[in-house]
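S.K.: Before we start, here is the structure in question, set down as structure tokens.
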Amino acid sequence: MRLGARIGEWFEARLQLKQPIKDVMAHPVPTRTASWFYVFGSAALTIFALQVVTGVLLAFQYTPSAGEAWNGLHVLNDKVSAGWFIRALHGWGSNFMVAVVFIHMAQVFLFGAHKFPRELTWIIGIFLLLMTLGMAFTGQVLRWDQDAYWGLGIGASISSRIPLMGATIVKLLLGGPIIAGATLSRFFAFHVFLVPGLLILFVAIHLILVLKLGINDWPMPGRIVRRSTYMKEYKELTHKDGIPFVPAAIGKDIIFSAVILIAITACATFFGPFGPSGQPDPTIIQTAPKPDFFFLWLYALLSFLPPSAETPILLIGPAIGIIVLLALPFVSGEGEKSWKRRPIAVLTIILVAGAWASLTELGLHTPWSPNMDAWSSQPIPKEFLADRTPLERRGALVFKAKQCHNCHALGDTGGQRGPALDAVAVRLTEDQLIRQVIQGGGNMPAYGKNLSPSETKALVAFMETLHPPGQPAAVDASRTAVLKQSP
Amino acid sequence: MNDPVNRRTALVRFGLILNGAIGAVLAIPIFQYLRSPTRRPEGAEKWISLGPLEQFPIGETRLATFTNPVVGPSDGATANIPCWVRRVAEKSLQVFAINCAHLGCPVRWFPQSNLFLCPCHGGAYYADGSRASGPPERGLFEYEYKIERQELFIQAKEMPTPGPTAYNDGKRHLPCV
């Protein structure tokens with residue numbers, strides 16, 4: 001007997017793993033599940049493995065100290081051989097992981113995999129999703145740059161609104177009264193020990209459940225899930241029309257995992273690592289903090305919620321969302337699996353995906369934020385200045401000097417916080433313009449205390465000229481009538 | 001008690017009770033350790049100097065920075081905290097926290113338009129810190145201050161957040177503008 005085989009047998013005599021592994025590998029699965037739709041779970045597992053490996057590699061170099069971490073990341077980026085690449089792999093791996101986990105979730109939901117008997121698999125999956133998002137957030141904190149620092153401020157400000165316990169939760173989150181060394185240490189513990197430990201445990205349970213209960217059968221319209229008969233039907237399906245998972249069904253999983261790894265490698269190579277952005281010195285306030293891609297939707301949402309409804313929505317919304325997801329398999333544990341017969345399920349996915357995409361798109365452009373530099377860096381386009389009287393041009397100067405341009409656009413310049421003023425004279429009469437400037441309102445600050453009467457007069461005279469060529473400025477008809485009558 | 005099975009069961013029970021007891025004893029220090037951040041660190045109530053009063057001309061709003069009263073060994077630059085000082089009159093000032101009352105982002109002062117603007121979600125405040133527009137529900141947070149020998153001191157016990165303050169010491173929270 002050859003040496004290799006003899007060593008193998010020596011181990012097998014003690015471990016006795018050959019048969020259990022064989023059973024797991026060759027367990028029968030319904031033929032149609034060997035599909036390109038069934039590859040996302042295994043891809044998520046592959047990325048998780050990549051994250052563990054690259055995470056351990058990064059931990060060789062990372063310094064979890066608020067005074068050193070940011071410098072350490074620059075050393076990793078610039079001095080350590082391939083340091084930038086390992087960081088890039090881990091960062092892009094994180095984005096791909098969140099994306100694949102969401103796609104996996106949408107797919108199993110549309111294919112009715114949450115129904116009997118796989119309720120627990122779905123519930124464990126919800127926790128895995130929350131932990132994946134938790135890893136994405138805590139990982140962003142470990143970058144320990146300006147975005148991480150102020151992102152923690154946002155997290156603390158949201159947590160502080162929890163009734164009764166808010167203040168305590170903020171202190172526990174930050175590890176003290178401010179964002180500082182203790183904060184990074186605990187997020188390091190969360191990101192490197194606590195959450196990954198739980199993730200490994202939950203992934204193991206998730207996989208055991210998939211093996212014990214079998215992969216979800218391909219949903220056929222009209223094939224109804226009933227608690228009384230499903231187990232028997234599934235057994236028949238896998239035995240009559242089944243193939244062994246290895247080697248017959250695993251091929252597409254392996255290829256897709258490889259494609260995902262290639263994509264991550266390509267992104268890491270071409271786009272490089274994420275940051276770190278500016279140094280985590282809170283006294284540098286010339287910054288516009290922004291979260292990572294997968295939290296942009298939340299960032300956008302936070303700017304649109306009305307102030308009075310924000311706290312309840314922020315606190316109750318996620319709780320309702322999680323309860324709905326956890327309750328789903330119990331509410332719709334039976335019935336049709338096919339998405340072709342579940343229009344509400346399809347609409348839900350379209351609605352959620354559409355809302356997410358719209359909010360993310362807005363988060364990329366942040367139209368709700370004043371353009372802080374527009375007043376000093378973007379000139380008013382010349383068509384808004386041509387053929388104006390000296391008074392009107394003086395008004396244009398006031399428009400710049402008082403930073404109106406930061407919130408109001410003229411042509412393609414300026415901010416988008418308030419309405420564009422290209423044709424404001426058509427919408428508002430002279431009196432309405434004066435009132436709006438002085439008293440503010442409709443989410444605009446009042447400038448009464450900040451403008452002299454002559455500045456207001458000039459500014460309004462300038463705005464009165466802002467109307468399209470063939471469309472006159474709005475006038476107050478009653479006032480015109482009164483002026484006509486008076487001698 | 002002579003039955004060996006009963007004796008073994010009793011042994012298991014005793015073993016479990018023993019482990020449970022030591023577990024309960026260990027839980028106390030672990031709990032204390034975990035909740036330690038919720039206790040006010042020693043020295044947090046110290047008055048912090050923002051420097052001589054002459055740095056803050058009457059009628060102007062200027063950025064000042066201070067070091068947190070309690071500095072940990074690994075805090076680095078995060079121990080330095082900025083704030084806005086507005087000198088209204090000789091002895092009358094307002095010291096605003098840098099954190100927006102919406103979600104804590106750093107607000108910037110624009111003397112040209114007399115507004116504080118937040119870069120995150122567009123919150124705006126007037127010169128006196130009151131809310132002007134945007135998502136914040138209230139005005140800017142203010143620190144308590146005192147003037148001693150022409151020097152400005154403040155109390156900054158924690159990062160201000162929109163919820164109530166952490167330390168229950170009778171006072172409700174940072175005075176609302």
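Ordering of the structure tokens sets the chain letters (A, B, ...); residue numbers start at 1 within each chain; ligands are numbered from 1 in the order shown.
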Residues within 6 Å of region 129-138 of chain B, please, as a list of chain:residue names. Count only C-alpha atoms; anything in the same chain fewer than 3 positions from it doesn't count.

M.R.: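 Near region 129-138 of chain B, the qualifying residues are A:Pro307, A:Asn443, A:Met444, A:Pro445, B:Ala101, B:His102, B:Gly122, B:Gly123, B:Ala124, B:Tyr125, B:Tyr126.
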
S.K.: Generate a file of the selected residues that holds all heavy atoms, formatted as an mmCIF file, in the first residue's frame.

M.R.:
data_model
loop_
_atom_site.group_PDB
_atom_site.id
_atom_site.type_symbol
_atom_site.label_atom_id
_atom_site.label_comp_id
_atom_site.auth_asym_id
_atom_site.auth_seq_id
_atom_site.Cartn_x
_atom_site.Cartn_y
_atom_site.Cartn_z
ATOM 1 N N PRO A 307 -39.388 66.090 11.131
ATOM 2 C CA PRO A 307 -38.798 66.076 12.478
ATOM 3 C C PRO A 307 -39.676 65.408 13.532
ATOM 4 O O PRO A 307 -39.195 64.649 14.356
ATOM 5 C CB PRO A 307 -38.609 67.560 12.793
ATOM 6 C CG PRO A 307 -38.490 68.224 11.471
ATOM 7 C CD PRO A 307 -39.327 67.423 10.519
ATOM 8 N N ASN A 443 -39.304 75.595 5.504
ATOM 9 C CA ASN A 443 -37.957 75.036 5.652
ATOM 10 C C ASN A 443 -36.837 75.983 5.241
ATOM 11 O O ASN A 443 -35.724 75.559 4.991
ATOM 12 C CB ASN A 443 -37.830 73.730 4.873
ATOM 13 C CG ASN A 443 -37.003 72.722 5.644
ATOM 14 O OD1 ASN A 443 -36.595 72.993 6.781
ATOM 15 N ND2 ASN A 443 -36.737 71.590 5.050
ATOM 16 N N MET A 444 -37.142 77.289 5.131
ATOM 17 C CA MET A 444 -36.082 78.251 4.848
ATOM 18 C C MET A 444 -35.889 79.147 6.067
ATOM 19 O O MET A 444 -36.862 79.591 6.666
ATOM 20 C CB MET A 444 -36.480 79.102 3.636
ATOM 21 C CG MET A 444 -35.503 80.234 3.353
ATOM 22 S SD MET A 444 -35.916 81.080 1.816
ATOM 23 C CE MET A 444 -35.232 82.696 2.164
ATOM 24 N N PRO A 445 -34.625 79.395 6.461
ATOM 25 C CA PRO A 445 -34.393 80.293 7.592
ATOM 26 C C PRO A 445 -34.889 81.700 7.258
ATOM 27 O O PRO A 445 -34.959 82.093 6.093
ATOM 28 C CB PRO A 445 -32.868 80.303 7.744
ATOM 29 C CG PRO A 445 -32.375 79.124 6.993
ATOM 30 C CD PRO A 445 -33.370 78.868 5.902
ATOM 31 N N ALA B 101 -28.009 68.944 16.411
ATOM 32 C CA ALA B 101 -29.014 68.352 17.296
ATOM 33 C C ALA B 101 -29.843 67.288 16.575
ATOM 34 O O ALA B 101 -30.674 66.636 17.184
ATOM 35 C CB ALA B 101 -29.929 69.436 17.849
ATOM 36 N N HIS B 102 -29.598 67.119 15.270
ATOM 37 C CA HIS B 102 -30.309 66.067 14.548
ATOM 38 C C HIS B 102 -29.582 64.748 14.757
ATOM 39 O O HIS B 102 -30.053 63.880 15.465
ATOM 40 C CB HIS B 102 -30.389 66.434 13.057
ATOM 41 C CG HIS B 102 -31.048 65.390 12.208
ATOM 42 N ND1 HIS B 102 -30.517 64.999 10.991
ATOM 43 C CD2 HIS B 102 -32.159 64.663 12.384
ATOM 44 C CE1 HIS B 102 -31.312 64.082 10.470
ATOM 45 N NE2 HIS B 102 -32.309 63.858 11.286
ATOM 46 N N GLY B 122 -28.539 68.929 6.189
ATOM 47 C CA GLY B 122 -28.993 70.280 5.898
ATOM 48 C C GLY B 122 -29.715 70.988 7.032
ATOM 49 O O GLY B 122 -30.485 71.906 6.783
ATOM 50 N N GLY B 123 -29.473 70.593 8.270
ATOM 51 C CA GLY B 123 -30.042 71.337 9.393
ATOM 52 C C GLY B 123 -29.426 72.730 9.444
ATOM 53 O O GLY B 123 -28.250 72.903 9.135
ATOM 54 N N ALA B 124 -30.226 73.773 9.804
ATOM 55 C CA ALA B 124 -29.705 75.140 9.886
ATOM 56 C C ALA B 124 -30.151 75.766 11.197
ATOM 57 O O ALA B 124 -31.250 75.499 11.679
ATOM 58 C CB ALA B 124 -30.202 75.961 8.704
ATOM 59 N N TYR B 125 -29.247 76.571 11.780
ATOM 60 C CA TYR B 125 -29.534 77.229 13.056
ATOM 61 C C TYR B 125 -29.172 78.704 12.936
ATOM 62 O O TYR B 125 -28.231 79.065 12.229
ATOM 63 C CB TYR B 125 -28.706 76.612 14.184
ATOM 64 C CG TYR B 125 -28.830 75.115 14.315
ATOM 65 C CD1 TYR B 125 -28.044 74.273 13.527
ATOM 66 C CD2 TYR B 125 -29.718 74.541 15.220
ATOM 67 C CE1 TYR B 125 -28.151 72.900 13.638
ATOM 68 C CE2 TYR B 125 -29.829 73.171 15.340
ATOM 69 C CZ TYR B 125 -29.039 72.349 14.551
ATOM 70 O OH TYR B 125 -29.143 70.987 14.658
ATOM 71 N N TYR B 126 -29.915 79.558 13.675
ATOM 72 C CA TYR B 126 -29.584 80.973 13.711
ATOM 73 C C TYR B 126 -28.367 81.203 14.597
ATOM 74 O O TYR B 126 -27.898 80.302 15.285
ATOM 75 C CB TYR B 126 -30.781 81.777 14.226
ATOM 76 C CG TYR B 126 -31.948 81.766 13.272
ATOM 77 C CD1 TYR B 126 -33.158 81.169 13.622
ATOM 78 C CD2 TYR B 126 -31.835 82.338 12.002
ATOM 79 C CE1 TYR B 126 -34.228 81.138 12.743
ATOM 80 C CE2 TYR B 126 -32.899 82.320 11.120
ATOM 81 C CZ TYR B 126 -34.091 81.718 11.487
ATOM 82 O OH TYR B 126 -35.139 81.695 10.613
#

S.K.: Run DSSP on the backbone and grab whatever in chain B lands in helix (DSSP H, G or I); send it over as a ChimeraX atom specification.

M.R.: /B:4-38,53-55,76-79

S.K.: Contacts from chain A to chain B, 6 Å maximum, only C-alpha atoms: show me the residue list as a PyMOL selection string.

M.R.: chain A and resi 65-67+150+153-154+157+160-161+167-168+171-172+175-178+180-181+281-283+285+288+303+307+368-370+402+443-445

S.K.: Neighbours of Ile154 (chain B) within 7 Å (only C-alpha atoms; same-chain residues fewer than 6 positions away dropped), as a list in words?

M.R.: Trp47, Ile48, Ser49, Tyr143, Glu144, Tyr145 and Lys146 of chain B

S.K.: Under the rule that only C-alpha atoms are counted, which of A:Thr183, A:Ala353, A:Phe294, A:Gly275 is the nearest residue to Ile103 (chain A)?

M.R.: A:Ala353

S.K.: From the DSSP assignment of the backbone, select every residue of chain B that is strand (DSSP E or B), and format the answer as an MDAnalysis selection string.

M.R.: chainID B and resid 48:52 61:67 80:87 93:97 99 106 108:110 115:117 124:126 131:133 142:148 151:155

S.K.: Since we have the selection now, will you write its residues out, keeping N, CA and C atoms, as a compact mmCIF listing (two decimals), in the first residue's frame?

M.R.:
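File written: part_27.txt
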# COMPACT_ATOMS: atom_id res chain seq x y z
N ILE B 48 -13.30 73.21 32.11
CA ILE B 48 -12.26 73.15 31.10
C ILE B 48 -12.03 74.55 30.54
N SER B 49 -10.78 74.96 30.44
CA SER B 49 -10.49 76.30 29.94
C SER B 49 -10.54 76.34 28.41
N LEU B 50 -11.19 77.38 27.89
CA LEU B 50 -11.18 77.60 26.44
C LEU B 50 -10.22 78.73 26.08
N GLY B 51 -9.47 79.21 27.09
CA GLY B 51 -8.48 80.26 26.84
C GLY B 51 -8.98 81.62 27.27
N PRO B 52 -8.12 82.65 27.10
CA PRO B 52 -8.48 84.00 27.53
C PRO B 52 -9.67 84.53 26.76
N THR B 61 -18.60 84.87 16.37
CA THR B 61 -18.71 83.46 16.74
C THR B 61 -17.46 82.77 16.25
N ARG B 62 -16.72 82.16 17.17
CA ARG B 62 -15.44 81.57 16.78
C ARG B 62 -15.34 80.12 17.22
N LEU B 63 -14.56 79.36 16.45
CA LEU B 63 -14.33 77.96 16.80
C LEU B 63 -13.28 77.88 17.90
N ALA B 64 -13.55 77.09 18.93
CA ALA B 64 -12.55 76.84 19.97
C ALA B 64 -12.42 75.33 20.13
N THR B 65 -11.28 74.88 20.60
CA THR B 65 -11.14 73.45 20.86
C THR B 65 -10.68 73.25 22.29
N PHE B 66 -11.07 72.13 22.85
CA PHE B 66 -10.64 71.81 24.20
C PHE B 66 -10.33 70.32 24.26
N THR B 67 -9.63 69.91 25.29
CA THR B 67 -9.34 68.50 25.48
C THR B 67 -10.34 67.95 26.48
N ASN B 80 -9.58 65.60 21.54
CA ASN B 80 -9.75 67.03 21.27
C ASN B 80 -11.13 67.27 20.67
N ILE B 81 -11.84 68.21 21.24
CA ILE B 81 -13.22 68.44 20.81
C ILE B 81 -13.41 69.91 20.48
N PRO B 82 -14.03 70.19 19.32
CA PRO B 82 -14.29 71.58 18.96
C PRO B 82 -15.63 72.07 19.50
N CYS B 83 -15.80 73.36 19.63
CA CYS B 83 -17.09 73.95 19.98
C CYS B 83 -17.13 75.37 19.42
N TRP B 84 -18.33 75.94 19.32
CA TRP B 84 -18.48 77.30 18.81
C TRP B 84 -18.74 78.25 19.97
N VAL B 85 -17.95 79.32 20.07
CA VAL B 85 -18.13 80.30 21.14
C VAL B 85 -18.68 81.59 20.54
N ARG B 86 -19.83 82.02 21.02
CA ARG B 86 -20.43 83.27 20.55
C ARG B 86 -20.40 84.27 21.69
N ARG B 87 -19.69 85.34 21.49
CA ARG B 87 -19.63 86.38 22.52
C ARG B 87 -20.70 87.40 22.21
N LEU B 93 -22.09 85.07 27.00
CA LEU B 93 -21.62 84.21 25.91
C LEU B 93 -22.57 83.06 25.68
N GLN B 94 -22.36 82.39 24.57
CA GLN B 94 -23.01 81.11 24.33
C GLN B 94 -21.93 80.17 23.82
N VAL B 95 -21.83 78.98 24.41
CA VAL B 95 -20.87 78.00 23.92
C VAL B 95 -21.66 76.81 23.38
N PHE B 96 -21.63 76.67 22.06
CA PHE B 96 -22.41 75.62 21.41
C PHE B 96 -21.56 74.38 21.17
N ALA B 97 -22.17 73.21 21.38
CA ALA B 97 -21.52 71.96 20.99
C ALA B 97 -21.43 71.93 19.47
N ASN B 99 -21.88 69.39 17.72
CA ASN B 99 -22.76 68.35 17.18
C ASN B 99 -24.14 68.89 16.85
N PRO B 106 -20.85 67.60 12.46
CA PRO B 106 -20.25 68.87 12.87
C PRO B 106 -20.86 70.06 12.12
N ARG B 108 -21.21 73.94 10.84
CA ARG B 108 -20.25 74.99 10.47
C ARG B 108 -20.92 76.36 10.55
N TRP B 109 -20.17 77.34 11.02
CA TRP B 109 -20.69 78.71 11.15
C TRP B 109 -20.40 79.49 9.88
N PHE B 110 -21.42 80.15 9.34
CA PHE B 110 -21.25 80.99 8.16
C PHE B 110 -21.57 82.43 8.55
N LEU B 115 -25.59 81.94 9.89
CA LEU B 115 -26.25 80.65 10.12
C LEU B 115 -25.22 79.58 10.45
N PHE B 116 -25.64 78.63 11.27
CA PHE B 116 -24.89 77.38 11.40
C PHE B 116 -25.53 76.39 10.43
N LEU B 117 -24.71 75.73 9.60
CA LEU B 117 -25.27 74.76 8.66
C LEU B 117 -24.63 73.40 8.92
N ALA B 124 -30.23 73.77 9.80
CA ALA B 124 -29.70 75.14 9.89
C ALA B 124 -30.15 75.77 11.20
N TYR B 125 -29.25 76.57 11.78
CA TYR B 125 -29.53 77.23 13.06
C TYR B 125 -29.17 78.70 12.94
N TYR B 126 -29.92 79.56 13.67
CA TYR B 126 -29.58 80.97 13.71
C TYR B 126 -28.37 81.20 14.60
N ARG B 131 -33.22 76.78 16.28
CA ARG B 131 -33.43 76.05 15.05
C ARG B 131 -33.97 76.97 13.96
N ALA B 132 -33.36 76.92 12.77
CA ALA B 132 -33.84 77.73 11.65
C ALA B 132 -34.62 76.87 10.67
N SER B 133 -34.04 75.74 10.27
CA SER B 133 -34.77 74.87 9.35
C SER B 133 -34.10 73.51 9.29
N GLU B 142 -25.93 73.54 24.21
CA GLU B 142 -25.01 74.52 24.80
C GLU B 142 -24.30 73.91 25.99
N TYR B 143 -23.04 74.31 26.17
CA TYR B 143 -22.29 73.91 27.36
C TYR B 143 -22.46 75.00 28.41
N GLU B 144 -22.44 74.58 29.68
CA GLU B 144 -22.39 75.55 30.78
C GLU B 144 -21.05 76.26 30.75
N TYR B 145 -21.05 77.57 31.06
CA TYR B 145 -19.76 78.27 31.06
C TYR B 145 -19.62 79.17 32.27
N LYS B 146 -18.41 79.55 32.58
CA LYS B 146 -18.17 80.58 33.59
C LYS B 146 -16.92 81.36 33.20
N ILE B 147 -16.85 82.60 33.68
CA ILE B 147 -15.68 83.42 33.39
C ILE B 147 -14.93 83.66 34.69
N GLU B 148 -13.65 83.36 34.70
CA GLU B 148 -12.85 83.59 35.90
C GLU B 148 -11.56 84.26 35.48
N GLU B 151 -10.86 84.51 31.89
CA GLU B 151 -10.65 83.27 31.17
C GLU B 151 -11.99 82.54 31.09
N LEU B 152 -12.24 81.91 29.95
CA LEU B 152 -13.52 81.23 29.73
C LEU B 152 -13.40 79.75 30.07
N PHE B 153 -14.31 79.26 30.90
CA PHE B 153 -14.34 77.84 31.25
C PHE B 153 -15.69 77.24 30.87
N ILE B 154 -15.67 75.96 30.47
CA ILE B 154 -16.95 75.28 30.21
C ILE B 154 -16.96 73.93 30.91
N GLN B 155 -18.15 73.37 31.01
CA GLN B 155 -18.29 71.99 31.47
C GLN B 155 -18.77 71.16 30.30

S.K.: Which neighbours of Ser42 (chain A) fall inside 9 Å, counting only C-alpha atoms, when residues of the same chain fewer than 2 positions from it are skipped, and could you give them as a PyMOL selection string?

M.R.: chain A and resi 38-40+44-47+253-254+256-257

S.K.: May I have the selected residues written with N, CA and C atoms, as a short mmCIF file (atom, residue, chain, number, x, y, z; two decimals), in the first residue's frame?

M.R.:
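Output saved as part.cif:
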data_model
loop_
_atom_site.label_atom_id
_atom_site.label_comp_id
_atom_site.auth_asym_id
_atom_site.auth_seq_id
_atom_site.Cartn_x
_atom_site.Cartn_y
_atom_site.Cartn_z
N TYR A 38 -30.07 28.91 -7.65
CA TYR A 38 -29.79 28.34 -6.34
C TYR A 38 -28.33 28.50 -5.92
N VAL A 39 -27.65 29.49 -6.47
CA VAL A 39 -26.21 29.59 -6.23
C VAL A 39 -25.83 30.66 -5.20
N PHE A 40 -26.81 31.47 -4.75
CA PHE A 40 -26.44 32.64 -3.95
C PHE A 40 -26.03 32.30 -2.52
N ALA A 44 -22.52 33.28 -0.84
CA ALA A 44 -22.38 34.03 0.41
C ALA A 44 -21.39 33.32 1.34
N LEU A 45 -21.49 31.99 1.38
CA LEU A 45 -20.57 31.21 2.23
C LEU A 45 -19.13 31.38 1.76
N THR A 46 -18.94 31.36 0.44
CA THR A 46 -17.59 31.53 -0.11
C THR A 46 -17.03 32.90 0.28
N ILE A 47 -17.86 33.95 0.13
CA ILE A 47 -17.37 35.29 0.47
C ILE A 47 -17.07 35.37 1.97
N ASP A 253 -22.87 26.00 -8.43
CA ASP A 253 -22.43 26.71 -7.22
C ASP A 253 -20.95 27.05 -7.31
N ILE A 254 -20.16 26.05 -7.70
CA ILE A 254 -18.71 26.24 -7.73
C ILE A 254 -18.35 27.31 -8.76
N PHE A 256 -20.26 29.75 -9.96
CA PHE A 256 -20.71 31.09 -9.56
C PHE A 256 -19.81 31.65 -8.45
N SER A 257 -19.43 30.79 -7.49
CA SER A 257 -18.53 31.26 -6.42
C SER A 257 -17.23 31.78 -7.02
#

S.K.: For Thr429 (chain A), which of A:Pro306, A:Ala474, A:Pro390, A:Thr132 is the closest residue, counting only C-alpha atoms?

M.R.: A:Ala474

S.K.: Separation of CA of Arg118 (chain A) and CA of Arg226 (chain A), in Å?

M.R.: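 Between CA of Arg118 (chain A) and CA of Arg226 (chain A) the gap is 12.6 Å.
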
S.K.: For CA of Ala82 (chain A) and CA of Ala136 (chain A), determine how far apart the two atoms are, in Å to one decimal place.

M.R.: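 These atoms are spaced 22.4 Å apart.
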